[in-house]
file model-v5.csv (CSV, C-alpha atoms)
chain,number,residue,atom,x,y,z
A,1,MET,CA,27.3,13.1,-23.2
A,2,MET,CA,27.4,13.6,-19.5
A,3,LYS,CA,30.4,15.8,-18.5
A,4,GLY,CA,32.6,15.3,-15.5
A,5,ALA,CA,34.5,12.3,-14.2
A,6,SER,CA,32.6,11.9,-10.9
A,7,VAL,CA,29.6,9.6,-10.7
A,8,PRO,CA,26.5,11.7,-11.5
A,9,THR,CA,23.7,11.9,-9.0
A,10,ASP,CA,20.2,10.8,-9.9
A,11,GLU,CA,19.2,14.4,-10.1
A,12,GLN,CA,22.0,15.1,-12.6
A,13,LEU,CA,20.9,12.2,-14.7
A,14,VAL,CA,17.3,13.3,-14.7
A,15,GLU,CA,18.4,16.8,-15.7
A,16,ALA,CA,20.5,15.4,-18.5
A,17,PHE,CA,17.5,13.4,-19.7
A,18,ARG,CA,15.4,16.5,-19.7
A,19,LYS,CA,18.0,18.3,-21.8
A,20,GLY,CA,17.8,15.5,-24.4
A,21,ASP,CA,20.9,13.6,-23.4
A,22,PRO,CA,20.1,9.9,-23.8
A,23,GLU,CA,22.9,9.1,-21.3
A,24,GLY,CA,20.7,10.5,-18.6
A,25,PHE,CA,18.1,7.8,-19.0
A,26,ARG,CA,20.6,5.1,-19.7
A,27,GLY,CA,22.5,6.0,-16.4
A,28,LEU,CA,19.3,5.7,-14.4
A,29,VAL,CA,18.4,2.3,-16.0
A,30,ARG,CA,21.9,1.0,-15.3
A,31,ARG,CA,21.8,2.2,-11.7
A,32,TYR,CA,18.4,0.8,-10.8
A,33,GLN,CA,17.7,-2.1,-13.1
A,34,GLU,CA,18.8,-4.7,-10.6
A,35,THR,CA,17.0,-3.0,-7.7
A,36,MET,CA,13.8,-2.9,-9.7
A,37,TYR,CA,14.2,-6.4,-10.9
A,38,GLY,CA,14.7,-7.5,-7.3
A,39,PHE,CA,11.6,-5.6,-6.1
A,40,ALA,CA,9.5,-7.0,-8.9
A,41,TYR,CA,10.8,-10.5,-8.3
A,42,ARG,CA,10.1,-10.3,-4.5
A,43,MET,CA,6.6,-9.0,-5.2
A,44,THR,CA,5.7,-11.7,-7.8
A,45,GLY,CA,8.1,-14.5,-7.0
A,46,ASN,CA,8.4,-15.2,-10.7
A,47,PRO,CA,11.5,-14.3,-12.9
A,48,MET,CA,9.4,-14.0,-16.1
A,49,ASP,CA,7.0,-11.6,-14.4
A,50,ALA,CA,9.9,-9.7,-12.9
A,51,ASP,CA,11.4,-9.3,-16.3
A,52,ASP,CA,8.2,-8.0,-17.9
A,53,LEU,CA,7.5,-5.7,-15.0
A,54,THR,CA,11.0,-4.3,-14.9
A,55,GLN,CA,10.8,-3.4,-18.5
A,56,GLU,CA,7.4,-1.9,-18.0
A,57,ILE,CA,8.6,0.2,-15.1
A,58,PHE,CA,11.4,1.7,-17.1
A,59,LEU,CA,9.2,2.4,-20.1
A,60,ARG,CA,6.9,4.2,-17.8
A,61,VAL,CA,9.8,6.1,-16.3
A,62,TYR,CA,10.8,7.1,-19.8
A,63,ARG,CA,7.4,8.4,-20.6
A,64,HIS,CA,6.9,10.3,-17.4
A,65,LEU,CA,10.3,11.4,-16.4
A,66,GLY,CA,9.8,14.8,-18.1
A,67,LYS,CA,6.9,15.4,-15.6
A,68,PHE,CA,9.0,14.4,-12.5
A,69,ARG,CA,9.2,17.5,-10.4
A,70,GLY,CA,11.7,16.4,-7.9
A,71,GLU,CA,9.5,16.8,-4.9
A,72,ALA,CA,10.5,13.4,-3.8
A,73,SER,CA,13.8,11.8,-4.6
A,74,PHE,CA,14.1,10.0,-7.9
A,75,ARG,CA,14.5,6.7,-6.0
A,76,THR,CA,11.2,7.0,-4.2
A,77,TRP,CA,9.4,8.2,-7.3
A,78,LEU,CA,10.8,5.1,-9.1
A,79,TYR,CA,9.4,2.9,-6.4
A,80,ARG,CA,6.0,4.6,-6.7
A,81,VAL,CA,6.0,3.9,-10.4
A,82,ALA,CA,7.0,0.3,-9.7
A,83,ARG,CA,4.4,-0.1,-7.0
A,84,SER,CA,1.7,1.2,-9.4
A,85,ARG,CA,2.8,-1.2,-12.2
A,86,ILE,CA,3.0,-4.2,-9.8
A,87,ALA,CA,-0.4,-3.4,-8.3
A,88,ASN,CA,-1.9,-3.2,-11.8
A,89,PHE,CA,-0.3,-6.5,-12.6
A,90,ARG,CA,-1.7,-8.2,-9.5
A,91,ARG,CA,-5.1,-6.6,-10.1
A,92,ARG,CA,-5.2,-8.1,-13.6
A,93,ALA,CA,-4.4,-11.5,-12.1
A,94,VAL,CA,-7.3,-11.1,-9.6
A,95,LEU,CA,-9.7,-9.9,-12.4
A,96,ASP,CA,-8.7,-12.8,-14.6
A,97,ARG,CA,-9.8,-15.1,-11.9
A,98,LEU,CA,-13.0,-13.1,-11.4
A,99,LEU,CA,-14.0,-12.5,-15.0
A,100,LEU,CA,-12.6,-15.5,-16.7
A,101,ASN,CA,-13.2,-17.9,-13.8
A,102,LYS,CA,-9.5,-18.9,-13.8
A,103,PRO,CA,-8.5,-20.8,-10.7
A,104,GLU,CA,-6.4,-18.9,-8.2
A,105,VAL,CA,-2.7,-19.7,-8.6
A,106,ARG,CA,-0.6,-18.2,-5.9
A,107,GLY,CA,2.0,-20.9,-5.3
A,108,PRO,CA,4.5,-19.8,-7.9
A,109,GLU,CA,4.1,-16.2,-6.8
A,110,ALA,CA,5.0,-17.2,-3.3
A,111,VAL,CA,7.7,-19.7,-3.6
A,112,PRO,CA,9.8,-19.6,-6.8
A,113,ALA,CA,10.7,-23.2,-7.5
A,114,GLU,CA,13.7,-22.3,-9.6
A,115,ASP,CA,15.2,-20.0,-6.9
A,116,PRO,CA,18.4,-21.8,-6.0
A,117,LEU,CA,18.6,-19.7,-2.9
A,118,VAL,CA,15.3,-20.9,-1.4
A,119,ARG,CA,17.2,-23.6,0.3
A,120,LYS,CA,15.5,-23.8,3.6
A,121,GLU,CA,11.9,-24.9,3.9
A,122,GLU,CA,11.5,-22.6,6.8
A,123,THR,CA,12.5,-19.6,4.8
A,124,ALA,CA,10.4,-20.7,1.9
A,125,ARG,CA,7.3,-21.0,4.0
A,126,LEU,CA,7.9,-17.6,5.6
A,127,ARG,CA,8.1,-16.1,2.1
A,128,GLU,CA,5.0,-17.9,1.0
A,129,MET,CA,3.1,-16.4,3.9
A,130,ILE,CA,4.4,-12.9,3.1
A,131,ALA,CA,2.8,-13.3,-0.3
A,132,PHE,CA,-0.6,-13.6,1.3
A,133,LEU,CA,-0.4,-10.4,3.4
A,134,PRO,CA,-2.6,-7.5,2.4
A,135,ASP,CA,-0.9,-5.3,-0.2
A,136,ARG,CA,0.2,-2.4,1.9
A,137,GLN,CA,1.5,-4.6,4.7
A,138,ARG,CA,3.4,-6.8,2.2
A,139,LEU,CA,4.8,-3.7,0.5
A,140,THR,CA,6.0,-2.2,3.7
A,141,LEU,CA,7.6,-5.4,4.8
A,142,ILE,CA,9.4,-6.0,1.5
A,143,LEU,CA,10.4,-2.4,1.1
A,144,ARG,CA,11.9,-2.2,4.6
A,145,PHE,CA,13.4,-5.6,5.2
A,146,PHE,CA,14.3,-6.8,1.7
A,147,GLN,CA,14.7,-3.6,-0.3
A,148,GLY,CA,16.3,-1.6,2.6
A,149,LEU,CA,14.2,1.5,2.3
A,150,LYS,CA,14.0,3.9,5.2
A,151,TYR,CA,10.6,4.5,6.8
A,152,ARG,CA,10.6,8.1,5.4
A,153,GLU,CA,11.1,6.6,1.9
A,154,ILE,CA,8.4,3.9,2.5
A,155,ALA,CA,6.0,6.7,3.5
A,156,GLU,CA,6.7,8.5,0.3
A,157,VAL,CA,6.2,5.4,-1.8
A,158,LEU,CA,2.9,4.5,0.0
A,159,GLU,CA,1.9,8.2,0.2
A,160,CYS,CA,1.2,8.0,3.9
A,161,SER,CA,2.8,9.3,7.1
A,162,VAL,CA,6.0,7.9,8.6
A,163,GLY,CA,3.9,6.8,11.6
A,164,THR,CA,1.5,4.9,9.4
A,165,ALA,CA,4.4,3.2,7.6
A,166,LYS,CA,5.8,2.1,11.0
A,167,ALA,CA,2.4,0.9,12.1
A,168,ASN,CA,2.0,-1.0,8.8
A,169,LEU,CA,5.1,-2.9,9.6
A,170,PHE,CA,3.9,-3.9,13.0
A,171,HIS,CA,0.5,-5.1,11.6
A,172,ALA,CA,2.3,-7.0,8.8
A,173,VAL,CA,4.5,-8.9,11.3
A,174,ARG,CA,1.5,-9.5,13.6
A,175,ALA,CA,-0.6,-10.8,10.7
A,176,LEU,CA,2.3,-13.0,9.7
A,177,ARG,CA,2.6,-14.4,13.2
A,178,ALA,CA,-1.1,-15.1,13.2
A,179,ARG,CA,-0.8,-17.1,10.0
A,180,LEU,CA,2.1,-19.0,11.4
A,181,GLN,CA,0.1,-19.9,14.5
A,182,GLU,CA,-2.9,-20.9,12.3
A,183,ARG,CA,-0.7,-23.4,10.5
A,184,LYS,CA,0.5,-24.7,13.8
A,185,THR,CA,-2.9,-25.2,15.2
A,186,ASP,CA,-4.0,-26.8,11.9
A,187,GLY,CA,-1.6,-29.6,12.8
A,188,GLU,CA,0.4,-29.0,9.7
A,189,THR,CA,3.8,-30.6,9.9
A,190,THR,CA,6.2,-27.9,9.2
A,191,ALA,CA,9.7,-27.0,10.0
A,192,LEU,CA,8.6,-23.5,10.7
A,193,HIS,CA,8.9,-22.5,14.3
A,194,LEU,CA,7.5,-19.5,15.9
A,195,PRO,CA,10.3,-17.5,17.4
B,196,MET,CA,5.8,8.0,36.0
B,197,GLU,CA,6.5,4.5,37.2
B,198,LYS,CA,3.4,3.4,35.3
B,199,ARG,CA,4.9,4.8,32.0
B,200,ARG,CA,8.0,2.6,32.3
B,201,ARG,CA,6.0,-0.1,30.6
B,202,CYS,CA,4.3,0.7,27.3
B,203,THR,CA,1.1,-0.9,26.1
B,204,CYS,CA,0.5,-3.3,23.2
B,205,ARG,CA,-1.1,-0.4,21.3
B,206,GLU,CA,1.9,1.7,21.8
B,207,MET,CA,4.1,-1.1,20.5
B,208,GLU,CA,2.5,-0.5,17.0
B,209,SER,CA,4.3,2.8,16.7
B,210,VAL,CA,7.6,2.0,18.5
B,211,LEU,CA,8.4,-1.5,17.3
B,212,ALA,CA,10.0,-0.1,14.2
B,213,ASP,CA,12.3,2.2,16.2
B,214,PHE,CA,13.1,-0.5,18.7
B,215,LEU,CA,14.2,-2.8,15.8
B,216,GLU,CA,16.4,0.0,14.5
B,217,GLU,CA,17.8,0.5,18.0
B,218,SER,CA,16.9,4.1,17.9
B,219,LEU,CA,15.1,4.2,21.2
B,220,THR,CA,16.9,5.5,24.3
B,221,GLY,CA,16.2,6.2,27.9
B,222,ILE,CA,12.8,5.8,29.3
B,223,ALA,CA,11.2,4.8,26.0
B,224,LEU,CA,13.7,2.0,25.5
B,225,GLU,CA,13.1,0.9,29.1
B,226,ALA,CA,9.3,0.9,28.6
B,227,VAL,CA,9.5,-1.3,25.5
B,228,GLU,CA,11.9,-3.8,27.0
B,229,SER,CA,9.8,-4.0,30.1
B,230,HIS,CA,6.7,-4.6,28.0
B,231,LEU,CA,8.4,-7.3,25.9
B,232,ARG,CA,9.4,-9.1,29.1
B,233,SER,CA,5.8,-9.3,30.3
B,234,CYS,CA,3.9,-9.7,27.0
B,235,PRO,CA,4.5,-12.9,25.1
B,236,GLU,CA,2.5,-11.8,22.1
B,237,CYS,CA,4.5,-8.7,21.5
B,238,GLU,CA,7.7,-10.5,22.3
B,239,GLN,CA,6.9,-13.0,19.5
B,240,ILE,CA,6.0,-10.2,17.1
B,241,TYR,CA,9.3,-8.5,17.9
B,242,SER,CA,11.3,-11.8,17.5
B,243,LEU,CA,9.6,-12.5,14.2
B,244,ALA,CA,10.3,-8.9,13.0
B,245,ALA,CA,14.0,-9.3,14.0
B,246,ARG,CA,14.2,-12.5,12.2
B,247,LEU,CA,12.6,-11.0,9.0
B,248,GLY,CA,15.2,-8.3,9.2
B,249,GLU,CA,18.0,-10.9,9.2
B,250,GLU,CA,16.3,-12.8,6.4
B,251,GLY,CA,16.1,-9.6,4.4
B,252,LYS,CA,19.8,-8.8,4.9
B,253,SER,CA,20.9,-12.2,3.6
B,254,ASP,CA,18.2,-12.5,0.9
B,255,GLN,CA,19.4,-12.6,-2.7
B,256,VAL,CA,17.3,-12.5,-5.8
B,257,PRO,CA,18.4,-15.0,-8.4
B,258,ASP,CA,20.6,-13.2,-10.8
B,259,PRO,CA,19.4,-13.7,-14.4
B,260,GLY,CA,23.1,-13.4,-15.5
B,261,PRO,CA,25.4,-11.0,-17.3
B,262,ALA,CA,23.9,-11.8,-20.7
B,263,TYR,CA,20.5,-10.7,-19.5
B,264,TRP,CA,21.8,-7.5,-18.1
B,265,ASN,CA,23.8,-6.7,-21.2
B,266,ARG,CA,20.6,-7.0,-23.2
B,267,PHE,CA,18.4,-5.2,-20.8
B,268,LEU,CA,19.0,-1.6,-21.8
B,269,PRO,CA,19.1,-2.3,-25.5
B,270,ARG,CA,15.7,-4.1,-25.2
B,271,ILE,CA,14.2,-1.1,-23.4
B,272,GLU,CA,15.6,1.3,-26.0
B,273,ALA,CA,14.3,-0.9,-28.8
B,274,ARG,CA,10.8,-0.7,-27.2
B,275,ILE,CA,11.1,3.1,-26.9
B,276,GLY,CA,12.2,3.2,-30.5
B,277,ARG,CA,9.1,1.4,-31.6
B,278,MET,CA,6.9,3.5,-29.3
B,279,GLU,CA,8.1,6.9,-30.5
B,280,PRO,CA,7.5,6.7,-34.2
B,281,ALA,CA,4.0,5.3,-33.4
B,282,ARG,CA,3.3,8.4,-31.3
B,283,GLY,CA,4.4,10.8,-34.0
B,284,ARG,CA,2.7,9.1,-37.0
B,285,ILE,CA,-0.5,7.3,-36.3
B,286,PRO,CA,-1.8,5.6,-39.5
B,287,LEU,CA,-5.3,6.8,-40.6
B,288,TRP,CA,-6.9,3.4,-40.0
B,289,ALA,CA,-5.5,3.1,-36.5
B,290,PRO,CA,-8.3,4.9,-34.6
B,291,ALA,CA,-11.0,2.9,-36.4
B,292,PHE,CA,-9.1,-0.3,-35.7
B,293,ALA,CA,-8.6,0.6,-32.1
B,294,LEU,CA,-12.3,1.5,-31.7
B,295,ALA,CA,-13.3,-1.8,-33.3
B,296,LEU,CA,-11.0,-3.7,-31.1
B,297,ILE,CA,-12.3,-2.0,-28.0
B,298,VAL,CA,-15.9,-2.6,-28.9
B,299,ALA,CA,-15.1,-6.3,-29.6
B,300,MET,CA,-13.3,-6.6,-26.2
B,301,GLY,CA,-16.2,-4.8,-24.6
B,302,LEU,CA,-18.7,-7.2,-26.1
B,303,GLY,CA,-16.6,-10.1,-25.1
B,304,LEU,CA,-16.5,-9.0,-21.5
B,305,TRP,CA,-20.1,-8.1,-21.5
B,306,TRP,CA,-21.1,-11.4,-22.8
B,307,ASN,CA,-18.9,-13.2,-20.3
B,308,SER,CA,-20.3,-11.3,-17.4
B,309,ARG,CA,-23.9,-11.9,-18.6
B,310,ASN,CA,-23.2,-15.6,-18.7
B,311,ASP,CA,-22.0,-15.4,-15.1
B,312,GLY,CA,-25.3,-13.9,-14.0
B,313,ALA,CA,-26.1,-10.7,-12.3
B,314,ALA,CA,-26.6,-12.3,-8.9
B,315,ASP,CA,-23.0,-13.5,-9.1
B,316,LEU,CA,-21.6,-10.0,-9.6
B,317,GLU,CA,-22.2,-8.9,-6.0
B,318,GLU,CA,-20.5,-11.9,-4.7
B,319,ARG,CA,-17.5,-11.4,-7.0
B,320,LEU,CA,-17.2,-7.7,-6.1
B,321,ASP,CA,-17.3,-8.5,-2.4
B,322,THR,CA,-14.6,-11.1,-2.9
B,323,LEU,CA,-12.4,-8.6,-4.8
B,324,LEU,CA,-13.0,-5.8,-2.4
B,325,ASP,CA,-12.4,-7.9,0.6
B,326,SER,CA,-9.3,-9.6,-0.7
B,327,SER,CA,-7.0,-6.7,-1.6
B,328,ASN,CA,-6.5,-3.5,-3.5
B,329,ARG,CA,-8.9,-1.5,-1.3
B,330,ASP,CA,-6.8,1.4,-2.1
B,331,ALA,CA,-6.7,0.5,-5.8
B,332,ASP,CA,-6.9,3.0,-8.5
B,333,LEU,CA,-10.6,3.5,-8.9
B,334,ALA,CA,-10.5,4.2,-12.6
B,335,VAL,CA,-8.6,1.0,-13.3
B,336,LEU,CA,-10.8,-1.0,-11.1
B,337,LEU,CA,-13.9,0.2,-12.9
B,338,GLU,CA,-12.5,-0.1,-16.3
B,339,ASP,CA,-11.6,-3.7,-15.6
B,340,LEU,CA,-14.9,-4.6,-14.0
B,341,LEU,CA,-17.4,-2.8,-16.3
B,342,PRO,CA,-18.1,-4.5,-19.5
B,343,GLY,CA,-16.6,-2.7,-22.4
B,344,SER,CA,-15.1,0.0,-20.4
B,345,SER,CA,-11.6,-1.1,-21.3
B,346,SER,CA,-11.5,1.8,-23.6
B,347,LEU,CA,-10.4,3.8,-20.6
B,348,ALA,CA,-7.2,1.8,-20.4
B,349,ILE,CA,-5.9,3.5,-23.6
B,350,PRO,CA,-3.9,6.6,-23.0
B,351,ARG,CA,-6.1,9.4,-24.3
B,352,ASP,CA,-3.3,11.2,-26.0
B,353,MET,CA,-2.6,8.1,-28.1
B,354,ALA,CA,-5.9,6.7,-28.9
B,355,GLY,CA,-7.5,9.3,-31.3
B,356,GLU,CA,-11.2,8.6,-31.7
B,357,ALA,CA,-11.1,5.9,-29.1
B,358,GLY,CA,-9.7,8.4,-26.7
B,359,ASN,CA,-12.6,10.8,-27.4
B,360,ARG,CA,-15.0,7.9,-26.8
B,361,SER,CA,-13.3,7.2,-23.5
B,362,ARG,CA,-13.6,10.8,-22.4
B,363,GLU,CA,-17.3,10.8,-23.4
B,364,TRP,CA,-17.9,7.7,-21.4
B,365,ALA,CA,-15.9,8.9,-18.5
B,366,GLU,CA,-17.8,12.1,-18.3
B,367,LYS,CA,-21.1,10.2,-18.2
B,368,ALA,CA,-19.7,7.9,-15.5
B,369,GLY,CA,-18.4,11.0,-13.7
B,370,THR,CA,-21.9,12.5,-13.7
B,371,LEU,CA,-23.4,9.4,-12.1
B,372,LEU,CA,-20.5,9.4,-9.6
B,373,GLU,CA,-21.4,12.9,-8.7
B,374,ASP,CA,-25.0,12.0,-8.2
B,375,LEU,CA,-24.1,9.0,-6.1
B,376,PHE,CA,-21.4,10.5,-3.9
B,377,ALA,CA,-21.7,14.3,-4.4
B,378,SER,CA,-18.2,14.2,-5.7
B,379,ASP,CA,-16.4,16.1,-8.4
B,380,PRO,CA,-16.9,14.3,-11.7
B,381,VAL,CA,-13.2,14.8,-12.5
B,382,VAL,CA,-12.3,12.1,-9.9
B,383,PHE,CA,-13.3,9.5,-12.4
B,384,LEU,CA,-10.4,10.5,-14.6
B,385,VAL,CA,-7.9,11.0,-11.8
B,386,PRO,CA,-6.4,7.8,-10.6
B,387,ARG,CA,-5.5,8.5,-7.1
B,388,ILE,CA,-8.9,8.7,-5.4
B,389,GLU,CA,-9.7,6.3,-2.7
B,390,LEU,CA,-13.3,5.2,-1.9
B,391,GLN,CA,-14.6,2.9,0.7
B,392,PRO,CA,-15.1,-0.7,-0.6
B,393,GLU,CA,-18.8,-0.4,-0.1
B,394,GLU,CA,-18.9,2.8,-2.1
B,395,VAL,CA,-16.9,1.2,-4.9
B,396,ARG,CA,-19.3,-1.8,-4.9
B,397,LEU,CA,-22.4,0.4,-5.1
B,398,LEU,CA,-20.9,2.5,-7.8
B,399,ILE,CA,-20.0,-0.5,-9.9
B,400,LEU,CA,-23.4,-2.1,-9.5
B,401,ASP,CA,-25.1,1.1,-10.4
B,402,LEU,CA,-23.0,1.7,-13.4
B,403,ARG,CA,-23.5,-1.9,-14.5
B,404,SER,CA,-27.3,-1.5,-14.3
B,405,SER,CA,-27.3,1.7,-16.5
B,406,PRO,CA,-27.1,0.6,-20.1
B,407,GLU,CA,-26.4,4.1,-21.3
B,408,MET,CA,-23.2,4.2,-19.2
B,409,ARG,CA,-21.6,1.5,-21.3
B,410,PRO,CA,-19.3,2.6,-24.1
B,411,GLY,CA,-21.2,0.5,-26.5
B,412,GLY,CA,-24.5,1.8,-25.2
B,413,SER,CA,-26.7,4.7,-26.4
B,414,THR,CA,-25.3,8.1,-25.6
B,415,SER,CA,-28.4,10.1,-26.3

call {"tool": "encode", "arguments": {"input": "model-v5.csv", "output": "structure tokens"}}
result
Amino acid sequence: MMKGASVPTDEQLVEAFRKGDPEGFRGLVRRYQETMYGFAYRMTGNPMDADDLTQEIFLRVYRHLGKFRGEASFRTWLYRVARSRIANFRRRAVLDRLLLNKPEVRGPEAVPAEDPLVRKEETARLREMIAFLPDRQRLTLILRFFQGLKYREIAEVLECSVGTAKANLFHAVRALRARLQERKTDGETTALHLP
Amino acid sequence: MEKRRRCTCREMESVLADFLEESLTGIALEAVESHLRSCPECEQIYSLAARLGEEGKSDQVPDPGPAYWNRFLPRIEARIGRMEPARGRIPLWAPAFALALIVAMGLGLWWNSRNDGAADLEERLDTLLDSSNRDADLAVLLEDLLPGSSSLAIPRDMAGEAGNRSREWAEKAGTLLEDLFASDPVVFLVPRIELQPEEVRLLILDLRSSPEMRPGGSTS
């Protein structure tokens, strides 16, 4: 059992896990389960996929936590694990389409129909378009604006410099704006207004 | 100096993030504000970014509910429990079964891809490489694309004979990779390498056209 009344840090929980205390891993899961579920949900837009991915992320953490060397914080390492799992998941979806000739289905990924909080069409359309951004841009945008990571942390997750992470954000927003404009010029009737 | 009181669109790439966080001061802040007043495009990008920031703050993921969260950790621990005995005590028939399964999967993928036609492959690869995942894990990309190479997806420390087979195949692939790109063959087993899309495309096409490179193919 973990000793001490104060809330243990991530590092203490990792250390406990390494020493064979199951409370170490349990503490990390409890601390980050909702964050990871949220991240997976935002990346896939589907609660079932988010559930599967969140489990997979923590299973991978369990398998590899012993090798975690603490060069980055546990939090950014966890995001790296999650990023890898989600990228693999998305790649599989692309390959299914390529190899099995399955039609592309991106709608549910972009706008979860059962999300009670997707209440405004404008917000829903914006989210839909975020789903179409290139991976690194989308990741940067979601990590910064929706998951609240700092640029330094985003840089660690994406394994790039802080400057690149910041530039990614600019390019993501610019690409999003271009898509919004395309929709406008296509004459689509939409409630979405360019700012 | 007066000239520097307005930054360029290019410079906005690196300072927009700081401007959004209100961490710019003095002349840098002035330069960005001045640019935004005179550049409608950057002003729109800034406004959209600011709006996304606001959306993000108020965004809430639908909560699956307390019952879900109460079950979450026990479900993970149950899966770990099933995983661990399997690691420690692999039945004797498991490697043979795994190998048979891999070969069957490989044949299925190979047959599927043959039906699609070789001419179609280039187009498919281009679509994939243009669309996303340019920085994808090369090993996973190849194992997914090459017929029968799914054996690489099995962790080598858990797959027994199948793992040896994967290594053998990977070494051959690595040799070809070395020939093609003068790279260290080890890269094929290391996931983090990044190649240019065209290089990946060439590599895959080349591997696909070499029957001996397939796990089911001749190794002599």

call {"tool": "closest_residue", "arguments": {"input": "model-v5.csv", "among": "A:Met36, A:Leu59, A:Cys160, A:Val7", "to": "chain B", "atoms": "all atoms listed in the file"}}
result
A:Leu59

call {"tool": "closest_residue", "arguments": {"input": "model-v5.csv", "among": "A:Arg138, A:Arg75, A:Arg80, A:Arg26", "to": "chain B", "atoms": "all atoms listed in the file"}}
result
A:Arg26

call {"tool": "residues_around", "arguments": {"input": "model-v5.csv", "residues": "Gly251 in chain B", "least_positions_apart": "5", "cutoff": "12 Å", "atoms": "all atoms listed in the file", "output": "PyMOL selection string"}}
result
(chain A and resi 38+42+123+126-127+141-149) or (chain B and resi 244-246+256)

call {"tool": "write_last_selection", "arguments": {"input": "model-v5.csv", "atoms": "C-alpha atoms", "output": "PDB file, keeping the file's coordinate frame"}}
result
ATOM      1  CA  GLY A  38      14.700  -7.500  -7.300  1.00  0.00           C
ATOM      2  CA  ARG A  42      10.100 -10.300  -4.500  1.00  0.00           C
ATOM      3  CA  THR A 123      12.500 -19.600   4.800  1.00  0.00           C
ATOM      4  CA  LEU A 126       7.900 -17.600   5.600  1.00  0.00           C
ATOM      5  CA  ARG A 127       8.100 -16.100   2.100  1.00  0.00           C
ATOM      6  CA  LEU A 141       7.600  -5.400   4.800  1.00  0.00           C
ATOM      7  CA  ILE A 142       9.400  -6.000   1.500  1.00  0.00           C
ATOM      8  CA  LEU A 143      10.400  -2.400   1.100  1.00  0.00           C
ATOM      9  CA  ARG A 144      11.900  -2.200   4.600  1.00  0.00           C
ATOM     10  CA  PHE A 145      13.400  -5.600   5.200  1.00  0.00           C
ATOM     11  CA  PHE A 146      14.300  -6.800   1.700  1.00  0.00           C
ATOM     12  CA  GLN A 147      14.700  -3.600  -0.300  1.00  0.00           C
ATOM     13  CA  GLY A 148      16.300  -1.600   2.600  1.00  0.00           C
ATOM     14  CA  LEU A 149      14.200   1.500   2.300  1.00  0.00           C
TER      15      LEU A 149
ATOM     16  CA  ALA B 244      10.300  -8.900  13.000  1.00  0.00           C
ATOM     17  CA  ALA B 245      14.000  -9.300  14.000  1.00  0.00           C
ATOM     18  CA  ARG B 246      14.200 -12.500  12.200  1.00  0.00           C
ATOM     19  CA  VAL B 256      17.300 -12.500  -5.800  1.00  0.00           C
TER      20      VAL B 256
END

call {"tool": "closest_residue", "arguments": {"input": "model-v5.csv", "among": "B:Met300, B:Leu247, B:Ala262, B:Cys204", "to": "chain A", "atoms": "only C-alpha atoms"}}
result
B:Leu247

call {"tool": "closest_residue", "arguments": {"input": "model-v5.csv", "among": "B:Ala273, B:Glu225, B:Pro257, B:Leu294", "to": "chain A", "atoms": "all atoms listed in the file"}}
result
B:Pro257

call {"tool": "closest_residue", "arguments": {"input": "model-v5.csv", "among": "A:His64, A:Arg152, A:Arg183, A:Arg90", "to": "chain B", "atoms": "all atoms listed in the file"}}
result
A:Arg90

call {"tool": "closest_residue", "arguments": {"input": "model-v5.csv", "among": "B:Thr203, B:Ser229, B:Ser218, B:Ser242", "to": "chain A", "atoms": "all atoms listed in the file"}}
result
B:Ser242

call {"tool": "atom_distance", "arguments": {"input": "model-v5.csv", "atom1": "CA of Leu211 in chain B", "atom2": "CA of Glu128 in chain A"}}
result
23.4 Å

call {"tool": "residues_around", "arguments": {"input": "model-v5.csv", "residues": "Lys67 in chain A", "least_positions_apart": "5", "cutoff": "12 Å", "atoms": "only C-alpha atoms", "output": "PyMOL selection string"}}
result
chain A and resi 14-15+17-18+60-62+74+77

call {"tool": "atom_distance", "arguments": {"input": "model-v5.csv", "atom1": "CA of Phe214 in chain B", "atom2": "CA of Leu139 in chain A"}}
result
20.3 Å

call {"tool": "atom_distance", "arguments": {"input": "model-v5.csv", "atom1": "CA of Cys202 in chain B", "atom2": "CA of Ala226 in chain B"}}
result
5.2 Å

call {"tool": "residues_around", "arguments": {"input": "model-v5.csv", "residues": "Glu34 in chain A", "least_positions_apart": "4", "cutoff": "9 Å", "atoms": "only C-alpha atoms", "output": "number ranges by chain"}}
result
A: 29-30, 38-39, 54; B: 258, 264

call {"tool": "residues_near_point", "arguments": {"input": "model-v5.csv", "point": "(13.5, -13.8, -16.0)", "cutoff": "12 Å", "atoms": "only C-alpha atoms", "output": "list in words"}}
result
Glu34, Tyr37, Gly38, Ala40, Tyr41, Thr44, Gly45, Asn46, Pro47, Met48, Asp49, Ala50, Asp51, Asp52, Leu53, Thr54, Gln55, Pro112, Glu114 and Asp115 of chain A; Val256, Pro257, Asp258, Pro259, Gly260, Ala262, Tyr263, Trp264 and Phe267 of chain B
